[in-house]
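data39.txt (compact mmCIF, N, CA and C atoms) appears below.
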# COMPACT_ATOMS: atom_id res chain seq x y z
N MET A 4 -13.57 -1.57 18.41
CA MET A 4 -13.49 -2.52 17.32
C MET A 4 -13.61 -1.82 15.98
N ILE A 5 -14.43 -0.78 15.88
CA ILE A 5 -14.59 -0.08 14.61
C ILE A 5 -13.37 0.80 14.30
N LEU A 6 -12.60 1.16 15.32
CA LEU A 6 -11.43 2.00 15.09
C LEU A 6 -10.34 1.27 14.31
N GLU A 7 -10.22 -0.02 14.49
CA GLU A 7 -9.17 -0.76 13.79
C GLU A 7 -9.38 -0.75 12.27
N PRO A 8 -10.53 -1.18 11.75
CA PRO A 8 -10.69 -1.15 10.29
C PRO A 8 -10.71 0.26 9.72
N LEU A 9 -11.33 1.19 10.43
CA LEU A 9 -11.38 2.57 9.95
C LEU A 9 -9.98 3.17 9.90
N GLY A 10 -9.21 2.97 10.95
CA GLY A 10 -7.83 3.45 10.97
C GLY A 10 -6.98 2.79 9.91
N ALA A 11 -7.21 1.50 9.67
CA ALA A 11 -6.45 0.78 8.66
C ALA A 11 -6.74 1.32 7.27
N VAL A 12 -8.00 1.61 6.98
CA VAL A 12 -8.36 2.15 5.67
C VAL A 12 -7.72 3.51 5.46
N VAL A 13 -7.78 4.36 6.47
CA VAL A 13 -7.16 5.69 6.37
C VAL A 13 -5.66 5.57 6.17
N LEU A 14 -5.01 4.72 6.94
CA LEU A 14 -3.56 4.54 6.79
C LEU A 14 -3.21 3.90 5.45
N GLY A 15 -4.03 2.97 4.98
CA GLY A 15 -3.80 2.35 3.67
C GLY A 15 -3.93 3.35 2.54
N LEU A 16 -4.91 4.24 2.63
CA LEU A 16 -5.07 5.28 1.62
C LEU A 16 -3.91 6.28 1.67
N ALA A 17 -3.45 6.61 2.86
CA ALA A 17 -2.30 7.50 2.99
C ALA A 17 -1.04 6.86 2.42
N LEU A 18 -0.88 5.59 2.67
CA LEU A 18 0.26 4.86 2.12
C LEU A 18 0.20 4.81 0.61
N ALA A 19 -0.97 4.60 0.05
CA ALA A 19 -1.14 4.59 -1.40
C ALA A 19 -0.84 5.96 -1.99
N TRP A 20 -1.26 7.02 -1.31
CA TRP A 20 -0.99 8.38 -1.78
C TRP A 20 0.52 8.65 -1.81
N VAL A 21 1.21 8.21 -0.76
CA VAL A 21 2.68 8.39 -0.72
C VAL A 21 3.34 7.60 -1.84
N ALA A 22 2.85 6.40 -2.08
CA ALA A 22 3.41 5.58 -3.16
C ALA A 22 3.20 6.25 -4.52
N LEU A 23 2.02 6.81 -4.73
CA LEU A 23 1.74 7.49 -5.99
C LEU A 23 2.59 8.74 -6.16
N ARG A 24 2.86 9.44 -5.07
CA ARG A 24 3.71 10.63 -5.15
C ARG A 24 5.16 10.25 -5.40
N SER A 25 5.59 9.11 -4.88
CA SER A 25 6.99 8.70 -4.99
C SER A 25 7.30 8.03 -6.33
N LEU A 26 6.39 7.20 -6.80
CA LEU A 26 6.64 6.40 -8.01
C LEU A 26 5.48 6.53 -9.01
N PRO A 27 5.18 7.71 -9.50
CA PRO A 27 3.99 7.85 -10.35
C PRO A 27 4.09 7.12 -11.68
N ASP A 28 5.31 7.00 -12.22
CA ASP A 28 5.47 6.37 -13.53
C ASP A 28 5.61 4.85 -13.46
N ARG A 29 5.73 4.30 -12.27
CA ARG A 29 5.94 2.86 -12.14
C ARG A 29 4.76 2.13 -11.53
N LEU A 30 3.64 2.83 -11.34
CA LEU A 30 2.46 2.22 -10.74
C LEU A 30 1.30 2.24 -11.72
N PRO A 31 0.35 1.32 -11.56
CA PRO A 31 -0.85 1.33 -12.41
C PRO A 31 -1.73 2.54 -12.09
N PRO A 32 -2.91 2.64 -12.68
CA PRO A 32 -3.78 3.81 -12.43
C PRO A 32 -4.07 4.04 -10.95
N ARG A 33 -4.35 5.30 -10.62
CA ARG A 33 -4.57 5.73 -9.23
C ARG A 33 -5.65 4.92 -8.54
N ARG A 34 -6.73 4.64 -9.24
CA ARG A 34 -7.84 3.91 -8.64
C ARG A 34 -7.39 2.53 -8.15
N THR A 35 -6.57 1.87 -8.94
CA THR A 35 -6.06 0.55 -8.56
C THR A 35 -5.15 0.65 -7.34
N VAL A 36 -4.31 1.66 -7.30
CA VAL A 36 -3.37 1.82 -6.20
C VAL A 36 -4.11 2.13 -4.90
N PHE A 37 -5.08 3.04 -4.95
CA PHE A 37 -5.84 3.37 -3.74
C PHE A 37 -6.66 2.18 -3.25
N THR A 38 -7.26 1.44 -4.17
CA THR A 38 -8.04 0.26 -3.78
C THR A 38 -7.14 -0.80 -3.16
N THR A 39 -5.99 -1.03 -3.75
CA THR A 39 -5.06 -2.03 -3.22
C THR A 39 -4.53 -1.63 -1.86
N GLY A 40 -4.22 -0.36 -1.68
CA GLY A 40 -3.73 0.11 -0.37
C GLY A 40 -4.76 -0.08 0.72
N ALA A 41 -6.00 0.30 0.43
CA ALA A 41 -7.06 0.17 1.44
C ALA A 41 -7.37 -1.30 1.74
N LEU A 42 -7.50 -2.12 0.71
CA LEU A 42 -7.81 -3.54 0.93
C LEU A 42 -6.65 -4.29 1.57
N GLY A 43 -5.42 -3.93 1.21
CA GLY A 43 -4.27 -4.56 1.84
C GLY A 43 -4.20 -4.25 3.33
N ALA A 44 -4.49 -3.02 3.67
CA ALA A 44 -4.49 -2.64 5.09
C ALA A 44 -5.65 -3.30 5.84
N LEU A 45 -6.81 -3.43 5.18
CA LEU A 45 -7.92 -4.14 5.83
C LEU A 45 -7.59 -5.60 6.07
N PHE A 46 -6.96 -6.23 5.09
CA PHE A 46 -6.54 -7.61 5.30
C PHE A 46 -5.51 -7.69 6.42
N GLY A 47 -4.61 -6.72 6.47
CA GLY A 47 -3.61 -6.69 7.53
C GLY A 47 -4.22 -6.52 8.91
N VAL A 48 -5.25 -5.68 9.03
CA VAL A 48 -5.88 -5.50 10.33
C VAL A 48 -6.63 -6.76 10.73
N PHE A 49 -7.25 -7.44 9.78
CA PHE A 49 -7.92 -8.71 10.09
C PHE A 49 -6.90 -9.75 10.55
N LEU A 50 -5.80 -9.84 9.84
CA LEU A 50 -4.76 -10.82 10.19
C LEU A 50 -4.15 -10.52 11.55
N MET A 51 -3.79 -9.27 11.79
CA MET A 51 -3.16 -8.91 13.04
C MET A 51 -4.12 -9.01 14.22
N HIS A 52 -5.38 -8.66 14.01
CA HIS A 52 -6.35 -8.79 15.09
C HIS A 52 -6.58 -10.26 15.42
N SER A 53 -6.54 -11.12 14.42
CA SER A 53 -6.69 -12.56 14.67
C SER A 53 -5.52 -13.11 15.46
N VAL A 54 -4.34 -12.60 15.19
CA VAL A 54 -3.13 -13.10 15.86
C VAL A 54 -2.99 -12.51 17.25
N MET A 55 -3.18 -11.18 17.38
CA MET A 55 -2.90 -10.49 18.64
C MET A 55 -4.09 -10.47 19.60
N GLY A 56 -5.30 -10.47 19.05
CA GLY A 56 -6.47 -10.37 19.90
C GLY A 56 -6.83 -8.92 20.17
N PRO A 57 -7.88 -8.69 20.93
CA PRO A 57 -8.31 -7.32 21.20
C PRO A 57 -7.38 -6.61 22.19
N GLY A 58 -7.38 -5.29 22.12
CA GLY A 58 -6.62 -4.51 23.08
C GLY A 58 -5.22 -4.13 22.64
N HIS A 59 -4.87 -4.37 21.42
CA HIS A 59 -3.53 -4.03 20.92
C HIS A 59 -3.66 -3.15 19.67
N LEU A 60 -4.30 -2.01 19.81
CA LEU A 60 -4.63 -1.16 18.67
C LEU A 60 -3.38 -0.72 17.91
N ALA A 61 -2.37 -0.23 18.61
CA ALA A 61 -1.18 0.27 17.94
C ALA A 61 -0.46 -0.84 17.18
N ALA A 62 -0.30 -1.99 17.80
CA ALA A 62 0.38 -3.10 17.13
C ALA A 62 -0.41 -3.61 15.93
N VAL A 63 -1.73 -3.64 16.06
CA VAL A 63 -2.57 -4.09 14.95
C VAL A 63 -2.46 -3.12 13.79
N LEU A 64 -2.47 -1.82 14.06
CA LEU A 64 -2.36 -0.84 12.98
C LEU A 64 -0.98 -0.85 12.33
N ILE A 65 0.05 -1.07 13.10
CA ILE A 65 1.40 -1.18 12.53
C ILE A 65 1.47 -2.39 11.61
N GLY A 66 0.91 -3.50 12.04
CA GLY A 66 0.87 -4.69 11.20
C GLY A 66 0.03 -4.48 9.95
N ALA A 67 -1.07 -3.75 10.08
CA ALA A 67 -1.92 -3.47 8.93
C ALA A 67 -1.19 -2.62 7.90
N VAL A 68 -0.45 -1.62 8.35
CA VAL A 68 0.33 -0.79 7.43
C VAL A 68 1.43 -1.62 6.77
N SER A 69 2.02 -2.51 7.51
CA SER A 69 3.06 -3.37 6.94
C SER A 69 2.51 -4.26 5.83
N VAL A 70 1.38 -4.88 6.08
CA VAL A 70 0.76 -5.74 5.06
C VAL A 70 0.30 -4.89 3.87
N GLY A 71 -0.22 -3.70 4.12
CA GLY A 71 -0.61 -2.80 3.04
C GLY A 71 0.59 -2.38 2.19
N ALA A 72 1.72 -2.13 2.82
CA ALA A 72 2.92 -1.75 2.07
C ALA A 72 3.43 -2.90 1.21
N VAL A 73 3.37 -4.10 1.75
CA VAL A 73 3.80 -5.27 0.97
C VAL A 73 2.86 -5.47 -0.21
N THR A 74 1.57 -5.30 0.02
CA THR A 74 0.60 -5.45 -1.06
C THR A 74 0.82 -4.40 -2.14
N LEU A 75 1.07 -3.17 -1.74
CA LEU A 75 1.34 -2.12 -2.73
C LEU A 75 2.64 -2.36 -3.48
N SER A 76 3.62 -2.95 -2.82
CA SER A 76 4.89 -3.20 -3.50
C SER A 76 4.73 -4.21 -4.64
N LEU A 77 3.70 -5.02 -4.58
CA LEU A 77 3.46 -5.97 -5.66
C LEU A 77 2.98 -5.28 -6.94
N LEU A 78 2.53 -4.05 -6.84
CA LEU A 78 2.06 -3.31 -8.01
C LEU A 78 3.16 -2.58 -8.76
N VAL A 79 4.30 -2.41 -8.14
CA VAL A 79 5.37 -1.62 -8.75
C VAL A 79 5.93 -2.36 -9.95
N ARG A 80 5.96 -1.67 -11.08
CA ARG A 80 6.50 -2.23 -12.32
C ARG A 80 7.98 -1.90 -12.41
N PRO A 81 8.75 -2.75 -13.08
CA PRO A 81 10.18 -2.45 -13.26
C PRO A 81 10.36 -1.25 -14.18
N ARG A 82 11.52 -0.63 -14.05
CA ARG A 82 11.83 0.51 -14.92
C ARG A 82 11.95 0.02 -16.35
N SER A 83 11.57 0.88 -17.28
CA SER A 83 11.75 0.53 -18.69
C SER A 83 13.21 0.75 -19.08
N ARG A 84 13.65 0.06 -20.07
CA ARG A 84 15.05 0.20 -20.49
C ARG A 84 15.33 1.59 -21.04
N ASN A 85 14.34 2.21 -21.66
CA ASN A 85 14.52 3.54 -22.20
C ASN A 85 14.41 4.64 -21.16
N GLY A 86 13.89 4.31 -19.98
CA GLY A 86 13.69 5.31 -18.94
C GLY A 86 14.83 5.42 -17.95
N LEU A 87 15.99 4.90 -18.28
CA LEU A 87 17.11 4.93 -17.34
C LEU A 87 17.95 6.18 -17.45
N GLY A 88 17.55 7.12 -18.29
CA GLY A 88 18.32 8.36 -18.42
C GLY A 88 19.33 8.32 -19.55
N ARG A 89 19.44 7.22 -20.24
CA ARG A 89 20.36 7.12 -21.38
C ARG A 89 19.56 7.28 -22.66
N SER A 90 20.21 7.75 -23.69
CA SER A 90 19.54 7.86 -24.99
C SER A 90 19.42 6.48 -25.61
N ALA A 91 18.52 6.34 -26.56
CA ALA A 91 18.31 5.06 -27.22
C ALA A 91 19.49 4.64 -28.06
N ALA A 92 20.33 5.61 -28.49
CA ALA A 92 21.48 5.29 -29.33
C ALA A 92 22.66 4.78 -28.52
N ALA A 93 22.67 5.02 -27.24
CA ALA A 93 23.84 4.64 -26.43
C ALA A 93 23.91 3.20 -26.14

Would you write the structure of this file as structure tokens?
Amino acid sequence: MILEPLGAVVLGLALAWVALRSLPDRLPPRRTVFTTGALGALFGVFLMHSVMGPGHLAAVLIGAVSVGAVTLSLLVRPRSRNGLGRSAAA
């Protein structure tokens, strides 16, 4: 039982790290991203464990990562108009 939340937190933090490496200019501060990744994955493990029941560790962790990814995607800001690679005069 302790492996599910612990694994979810580790996977949520890893997912947040990947998001920060991929989109550093479009995400809020690192602390917010790491907190959201971990809490999103914890919520996902709670939700999946409630739905699937005990004994489905892999499926619960996959669901937790999915919910964590969706939660992190809510933090992504749109690109700025000036950041599209064109000059301001164009």

Quiz item: By how many Å are atom C of A:Gly43 and atom N of A:Leu23 apart?
Solution: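 Separation between atom C of A:Gly43 and atom N of A:Leu23: 15.0 Å.
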
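If you count only C-alpha atoms and ignore residues fewer than 4 places along the chain from A:Gly10, what sits within 12 Å of it is A:Met4, A:Ile5, A:Leu6, A:Leu14, A:Gly15, A:Leu16, A:Ala17, A:Ala41, A:Ala44, A:Leu45, A:Gly47, A:Val48, A:Leu60, A:Ala61, A:Val63, A:Leu64, A:Ile65, A:Gly66, A:Ala67, A:Val68.
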
Quiz item: Looking at A:Ala11, A:Leu75, A:Ala62, A:Ala22, which one is nearest to A:Phe46, with distances taken over only N, CA and C atoms?
Solution: A:Ala11

Practice problem: Quick one: pull the distance between atom CA of A:Ser69 and atom CA of A:Trp20, Å, one decimal. | Solution: 15.2 Å

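Residues in contact with A:Leu30 at up to 7 Å, not including ones fewer than 3 positions away on its chain and judged by only N, CA and C atoms, are Leu26, Pro27, Arg33, Leu78, Val79 and Arg80 of chain A.
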
Self-check item: Distance of atom C of A:Gly56 from atom N of A:Pro8, expressed in Å to one decimal place
Solution: 12.0 Å

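Of the residues listed (A:Thr39, A:Arg34, A:Pro57, A:Arg29), A:Arg29 shows the shortest atom-to-atom separation from A:Arg82; distances use all atoms listed in the file.
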
Hey, can I get the axis-aligned box for stretch 47-57 of chain A? All listed atoms, 3 Å padding on each side, centre and edge lengths in Å to one decimal, as JSON.
{"center_x": -5.6, "center_y": -9.3, "center_z": 14.3, "size_x": 11.4, "size_y": 13.6, "size_z": 21.7}

Practice problem: Would you return as number ranges by chain the members of stretch 34-84 of chain A that DSSP assigns to helix (DSSP H, G or I) on this structure's backbone? | Solution: A: 34-55, 60-76, 84
